Amino acid sequence: MTGAGAERIAALWLQLKGWRIVARRLAGKRGSGVGEVDLIAKRGAVLAFVEIKYRPTQAQAAQAVTVNQRQRIVRAAKAFISANPAYNSHIVRFDAVLVAPRSWPRHVINAWPEY
């Protein structure tokens with residue numbers, strides 16, 4: 001499976017749980033230090049910036065989200081909200097969806113509370 005395939009599975013999984021996908025593969029300008037966000041999803045007043053990881057096991061997927069990636073995603077979230085003021089009043093959260101062969105995706109809520 002490719003990363004794009006895991007993202008499709010994660011998006012479907014979130015949609016089945018009542019989330020609306022706001023954006024996919026949102027990337028900052030090259031060289032800006034703002035990283036890519038795999039998915040931005042909204043449910044009620046919550047706006048989640050979601051990192052998708054596909055690995056042979058969910059434990060390996062969880063370990064694959066590095067501190068540097070988290071920091072870039074936080075910067076991307078701040079840039080997105082700054083450019084989209086309609087989301088200013090939303091509760092911002094950083095989630096992860098861990099995808100591994102032969103298992104259901106695992107949605108990790110508030111995977112890193114750094115906002």
# chains A, B, ... in the order shown; residues from 1 in each chain; ligands from 1

call {"tool": "select_by_dssp", "arguments": {"residues": "chain A", "states": "alpha helix (DSSP H)", "output": "number ranges by chain"}}
result
A: 3-16, 58-63, 67-83

call {"tool": "closest_residue", "arguments": {"among": "A:Arg93, A:Lys78, A:Arg25, A:Arg20", "to": "A:Val46", "atoms": "only C-alpha atoms"}}
result
A:Arg93

call {"tool": "closest_residue", "arguments": {"among": "A:Arg55, A:Ala62, A:Tyr87, A:Trp13", "to": "A:Trp104", "atoms": "only C-alpha atoms"}}
result
A:Trp13

call {"tool": "residues_around", "arguments": {"residues": "A:Ile40", "least_positions_apart": "2", "cutoff": "8 Å", "atoms": "only C-alpha atoms", "output": "ChimeraX atom specification"}}
result
/A:21-24,37-38,42,47-50

call {"tool": "write_last_selection", "arguments": {"atoms": "C-alpha atoms", "output": "PDB file, in the first residue's frame"}}
result
ATOM      1  CA  ILE A  21     -12.743  16.320   5.316  1.00  0.00           C
ATOM      2  CA  VAL A  22     -11.844  20.000   4.875  1.00  0.00           C
ATOM      3  CA  ALA A  23      -8.510  19.535   3.063  1.00  0.00           C
ATOM      4  CA  ARG A  24      -6.104  16.818   1.963  1.00  0.00           C
ATOM      5  CA  VAL A  37      -0.787  18.125   6.771  1.00  0.00           C
ATOM      6  CA  ASP A  38      -2.217  14.861   5.482  1.00  0.00           C
ATOM      7  CA  LYS A  42     -14.008  18.943  11.040  1.00  0.00           C
ATOM      8  CA  LEU A  47     -10.915  21.095  13.678  1.00  0.00           C
ATOM      9  CA  ALA A  48      -8.411  18.228  13.587  1.00  0.00           C
ATOM     10  CA  PHE A  49      -5.100  18.280  11.765  1.00  0.00           C
ATOM     11  CA  VAL A  50      -4.501  14.600  11.089  1.00  0.00           C
TER      12      VAL A  50
END

call {"tool": "select_by_dssp", "arguments": {"residues": "stretch 7-60 of chain A", "states": "strand (DSSP E)", "output": "PyMOL selection string"}}
result
chain A and resi 20-26+37-43+46-54

call {"tool": "write_last_selection", "arguments": {"atoms": "N, CA and C atoms", "output": "PDB file, in the first residue's frame"}}
result
ATOM      1  N   ARG A  20     -16.028  15.554   8.576  1.00  0.00           N
ATOM      2  CA  ARG A  20     -16.033  16.089   7.212  1.00  0.00           C
ATOM      3  C   ARG A  20     -14.603  16.469   6.870  1.00  0.00           C
ATOM      4  N   ILE A  21     -14.113  16.011   5.736  1.00  0.00           N
ATOM      5  CA  ILE A  21     -12.743  16.320   5.316  1.00  0.00           C
ATOM      6  C   ILE A  21     -12.739  17.720   4.717  1.00  0.00           C
ATOM      7  N   VAL A  22     -11.951  18.608   5.307  1.00  0.00           N
ATOM      8  CA  VAL A  22     -11.844  20.000   4.875  1.00  0.00           C
ATOM      9  C   VAL A  22     -10.755  20.153   3.815  1.00  0.00           C
ATOM     10  N   ALA A  23      -9.635  19.444   4.009  1.00  0.00           N
ATOM     11  CA  ALA A  23      -8.510  19.535   3.063  1.00  0.00           C
ATOM     12  C   ALA A  23      -7.684  18.260   3.147  1.00  0.00           C
ATOM     13  N   ARG A  24      -7.017  17.966   2.044  1.00  0.00           N
ATOM     14  CA  ARG A  24      -6.104  16.818   1.963  1.00  0.00           C
ATOM     15  C   ARG A  24      -4.747  17.313   1.483  1.00  0.00           C
ATOM     16  N   ARG A  25      -3.710  16.734   2.056  1.00  0.00           N
ATOM     17  CA  ARG A  25      -2.328  17.035   1.640  1.00  0.00           C
ATOM     18  C   ARG A  25      -2.058  18.532   1.506  1.00  0.00           C
ATOM     19  N   LEU A  26      -2.389  19.240   2.542  1.00  0.00           N
ATOM     20  CA  LEU A  26      -2.156  20.679   2.556  1.00  0.00           C
ATOM     21  C   LEU A  26      -0.677  20.922   2.838  1.00  0.00           C
ATOM     22  N   VAL A  37       0.214  18.778   5.928  1.00  0.00           N
ATOM     23  CA  VAL A  37      -0.787  18.125   6.771  1.00  0.00           C
ATOM     24  C   VAL A  37      -1.511  17.133   5.878  1.00  0.00           C
ATOM     25  N   ASP A  38      -1.575  15.884   6.305  1.00  0.00           N
ATOM     26  CA  ASP A  38      -2.217  14.861   5.482  1.00  0.00           C
ATOM     27  C   ASP A  38      -3.704  15.137   5.308  1.00  0.00           C
ATOM     28  N   LEU A  39      -4.409  15.363   6.412  1.00  0.00           N
ATOM     29  CA  LEU A  39      -5.841  15.656   6.357  1.00  0.00           C
ATOM     30  C   LEU A  39      -6.191  16.730   7.363  1.00  0.00           C
ATOM     31  N   ILE A  40      -7.148  17.546   7.004  1.00  0.00           N
ATOM     32  CA  ILE A  40      -7.779  18.447   7.961  1.00  0.00           C
ATOM     33  C   ILE A  40      -9.240  18.035   7.974  1.00  0.00           C
ATOM     34  N   ALA A  41      -9.746  17.727   9.170  1.00  0.00           N
ATOM     35  CA  ALA A  41     -11.111  17.231   9.298  1.00  0.00           C
ATOM     36  C   ALA A  41     -11.857  18.039  10.346  1.00  0.00           C
ATOM     37  N   LYS A  42     -13.171  18.154  10.143  1.00  0.00           N
ATOM     38  CA  LYS A  42     -14.008  18.943  11.040  1.00  0.00           C
ATOM     39  C   LYS A  42     -15.202  18.112  11.485  1.00  0.00           C
ATOM     40  N   ARG A  43     -15.490  18.197  12.768  1.00  0.00           N
ATOM     41  CA  ARG A  43     -16.716  17.608  13.310  1.00  0.00           C
ATOM     42  C   ARG A  43     -17.179  18.513  14.435  1.00  0.00           C
ATOM     43  N   VAL A  46     -14.822  21.070  16.426  1.00  0.00           N
ATOM     44  CA  VAL A  46     -13.441  20.572  16.459  1.00  0.00           C
ATOM     45  C   VAL A  46     -12.865  20.559  15.049  1.00  0.00           C
ATOM     46  N   LEU A  47     -11.673  21.128  14.930  1.00  0.00           N
ATOM     47  CA  LEU A  47     -10.915  21.095  13.678  1.00  0.00           C
ATOM     48  C   LEU A  47      -9.654  20.285  13.970  1.00  0.00           C
ATOM     49  N   ALA A  48      -9.536  19.120  13.324  1.00  0.00           N
ATOM     50  CA  ALA A  48      -8.411  18.228  13.587  1.00  0.00           C
ATOM     51  C   ALA A  48      -7.445  18.226  12.416  1.00  0.00           C
ATOM     52  N   PHE A  49      -6.184  18.405  12.729  1.00  0.00           N
ATOM     53  CA  PHE A  49      -5.100  18.280  11.765  1.00  0.00           C
ATOM     54  C   PHE A  49      -4.562  16.862  11.970  1.00  0.00           C
ATOM     55  N   VAL A  50      -4.699  16.040  10.931  1.00  0.00           N
ATOM     56  CA  VAL A  50      -4.501  14.600  11.089  1.00  0.00           C
ATOM     57  C   VAL A  50      -3.278  14.117  10.316  1.00  0.00           C
ATOM     58  N   GLU A  51      -2.394  13.459  11.017  1.00  0.00           N
ATOM     59  CA  GLU A  51      -1.225  12.814  10.413  1.00  0.00           C
ATOM     60  C   GLU A  51      -1.571  11.346  10.188  1.00  0.00           C
ATOM     61  N   ILE A  52      -1.330  10.862   8.981  1.00  0.00           N
ATOM     62  CA  ILE A  52      -1.617   9.473   8.644  1.00  0.00           C
ATOM     63  C   ILE A  52      -0.285   8.735   8.547  1.00  0.00           C
ATOM     64  N   LYS A  53      -0.200   7.590   9.207  1.00  0.00           N
ATOM     65  CA  LYS A  53       1.015   6.780   9.128  1.00  0.00           C
ATOM     66  C   LYS A  53       0.649   5.340   8.789  1.00  0.00           C
ATOM     67  N   TYR A  54       1.324   4.808   7.780  1.00  0.00           N
ATOM     68  CA  TYR A  54       1.164   3.410   7.389  1.00  0.00           C
ATOM     69  C   TYR A  54       2.488   2.696   7.625  1.00  0.00           C
TER      70      TYR A  54
END

call {"tool": "residues_around", "arguments": {"residues": "A:Leu16", "least_positions_apart": "6", "cutoff": "12 Å", "atoms": "only C-alpha atoms", "output": "list in words"}}
result
Ile9, Ala10, Arg43, Pro105 and His107 of chain A

call {"tool": "atom_distance", "arguments": {"atom1": "atom CA of A:Gln58", "atom2": "atom CA of A:Pro113"}}
result
20.2 Å
